[in-house]
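J.: The following block contains the structure, expressed as structure tokens.
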Amino acid sequence: MKKRRSKMKRKKLAILAIFAMAIFFTGCSKKGDSAEVKTDTSDFPKKDIHIIVPYNAGGGVDITSRVFADIAKSEESMKGNAIVVENKGGAGAVVGQTYVSQAEPDGYTVLAYTNAAINNPKLKDVTYNLDSFKPLAMICFDPDVLVMPPNSKFKNLEEFIAYAKENTVKVATPGFATVHHLAAVILEQENNLKFEYLHNDSAAVQMQQIMGGHCDVAFVSVGEAASSIQDGTIKGLGVMSDERIESIKDVPTFKENGYDMTYGAFRGFAVSSNVPDQEYNELKKIFEKVGASDELKEALMKANIPYSYKDGDAFLEYVKKQDESLDKILPILKQAK
């Protein structure tokens, strides 16, 4: 009887030992599978990344994005893949922003991210909001400059202000609720000026309007206007920066003329908030590395694009502060709508 019990005990122990070993090897197998998944995901990117510029070709956002894409092609972490720039202009950036917010959230569709991503959800009927995007990196801050045809009746900013107080002037912007429109509205409201707005979808069209005499002045970024100011195609009346800009050093600041105006456009990149964290972090590393590089800084300077870098986290905080600032002047913009 005792021998039978002893045999049963040994049999039970053997079964338990086999069961424990099965659990152990199953656990090892799962760990191995997990490691394989991580390795596979870290293979990002496996194909070309597309930057969607929500404006027509030829403007500052388009130029900035193409310069970035050109520098990024030699980045080792791109694994031989390219960054392709696509223009999807329309409705003051709404068309392109909507496209990215609804794109497949795989990390391969990136938005050329500007102030309009803050302004549009507050002032237009759109299907996205500020939280629909996750910033990757900021690479530019471009002050606004007020420009006019070289044969304009205005000799300086003071003459323009005096005239606009008594007469309606036609003002070209790259779209309603863009930072350039915002700058114009603030100047108009604070000085009791009379502006009639001509909204379009790019700085290139603004330049055509200025040169063709279809408007009196235009609000554009320094990067978009510098070369034309330098060659005399257009004339700068005033720049909305704290100090004069080296590339257009003959153009005085608004502050020099007694107007406390400092406005400009930030430019960077973002993806849909639906992109998973792992893909987002891989993409963020690439954009931060290229964004912080001396090669990009030099290339942007050659293109007359003012370089200003923030990593993804700092960019997010900056955007939040810009959003809060817009809330303070939102009634003025709604009044101008």
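As shown in the structure tokens, the chain order sets the letters A, B, ...; within each chain, residues go from 1, and ligands are also counted from 1 in the order they appear.
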Where does stretch 191-290 of chain A meet stretch 84-108 of chain A within 7 Å, residue by residue, with the nearest atom pair and distance in Å to one decimal for each, counting only C-alpha atoms, listed by chain and rising number, as a Markdown table?
T.:
| residue | atom | partner | partner_atom | distance |
| --- | --- | --- | --- | --- |
| A:Asp201 | CA | A:Gly92 | CA | 5.8 |
| A:Val271 | CA | A:Gly107 | CA | 6.9 |
| A:Ser272 | CA | A:Ser101 | CA | 5.2 |
| A:Asn274 | CA | A:Pro105 | CA | 5.5 |
| A:Val275 | CA | A:Pro105 | CA | 4.4 |
| A:Glu279 | CA | A:Gly107 | CA | 6.0 |
| A:Tyr280 | CA | A:Gly107 | CA | 6.3 |
| A:Leu283 | CA | A:Gly107 | CA | 7.0 |
J.: Kindly save the residues from that selection, with C-alpha atoms included, as an mmCIF file, in the first residue's frame.
T.:
data_model
loop_
_atom_site.group_PDB
_atom_site.id
_atom_site.type_symbol
_atom_site.label_atom_id
_atom_site.label_comp_id
_atom_site.auth_asym_id
_atom_site.auth_seq_id
_atom_site.Cartn_x
_atom_site.Cartn_y
_atom_site.Cartn_z
ATOM 1 C CA ASP A 201 -3.974 80.603 -50.884
ATOM 2 C CA VAL A 271 1.284 64.301 -37.516
ATOM 3 C CA SER A 272 -2.208 63.139 -36.712
ATOM 4 C CA ASN A 274 -3.962 59.031 -33.981
ATOM 5 C CA VAL A 275 -0.437 57.950 -34.959
ATOM 6 C CA GLU A 279 5.812 55.307 -34.771
ATOM 7 C CA TYR A 280 5.439 58.888 -33.577
ATOM 8 C CA LEU A 283 9.438 59.937 -36.649
#
J.: Using only C-alpha atoms, pick whichever of A:Val53, A:Ala292, A:Ile332, A:Leu111 has the shortest atom-to-atom distance to A:Cys140.
T.: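 Checking each candidate against A:Cys140, we get A:Ala292 as the closest.
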J.: Distance table requested - stretch 186-300 of chain A against stretch 312-330 of chain A, cut-off 10 Å, only C-alpha atoms: one row per qualifying residue with the closest atom pair and its distance in Å to one decimal, ordered by chain and rising residue number, as a Markdown table.
T.:
| residue | atom | partner | partner_atom | distance |
| --- | --- | --- | --- | --- |
| A:Ile186 | CA | A:Ile329 | CA | 8.6 |
| A:Phe266 | CA | A:Val319 | CA | 9.2 |
| A:Gly268 | CA | A:Phe315 | CA | 8.5 |
| A:Phe269 | CA | A:Gly312 | CA | 8.9 |
| A:Ala270 | CA | A:Gly312 | CA | 8.7 |
| A:Asn281 | CA | A:Gly312 | CA | 9.7 |
| A:Lys284 | CA | A:Gly312 | CA | 6.9 |
| A:Lys285 | CA | A:Gly312 | CA | 9.0 |
| A:Phe287 | CA | A:Gly312 | CA | 8.7 |
| A:Glu288 | CA | A:Gly312 | CA | 7.2 |
J.: Which of stretch 65-208 of chain A end up as strand (DSSP E) when DSSP is run on this backbone - answer as a PyMOL selection string?
T.: chain A and resi 83-87+109-114+133-148+169-173+195-199
J.: May I have all residues of stretch 182-219 of chain A that DSSP, computed from the backbone, assigns to alpha helix (DSSP H), given as a VMD selection string?
T.: chain A and resid 182 to 191 203 to 211
J.: Near A:Ile305, counting only C-alpha atoms, which residues have an atom at most 10 Å away, once you skip same-chain residues fewer than 5 positions from it, shown as a PyMOL selection string?
T.: chain A and resi 60-61+63-64+67+139-142+221-226+247+297-300
J.: Give me the residues within 9 Å of A:Thr253 as a ChimeraX atom specification, counting only C-alpha atoms and dropping any in the same chain fewer than 5 places off.
T.: /A:145,237-245,259,261-262
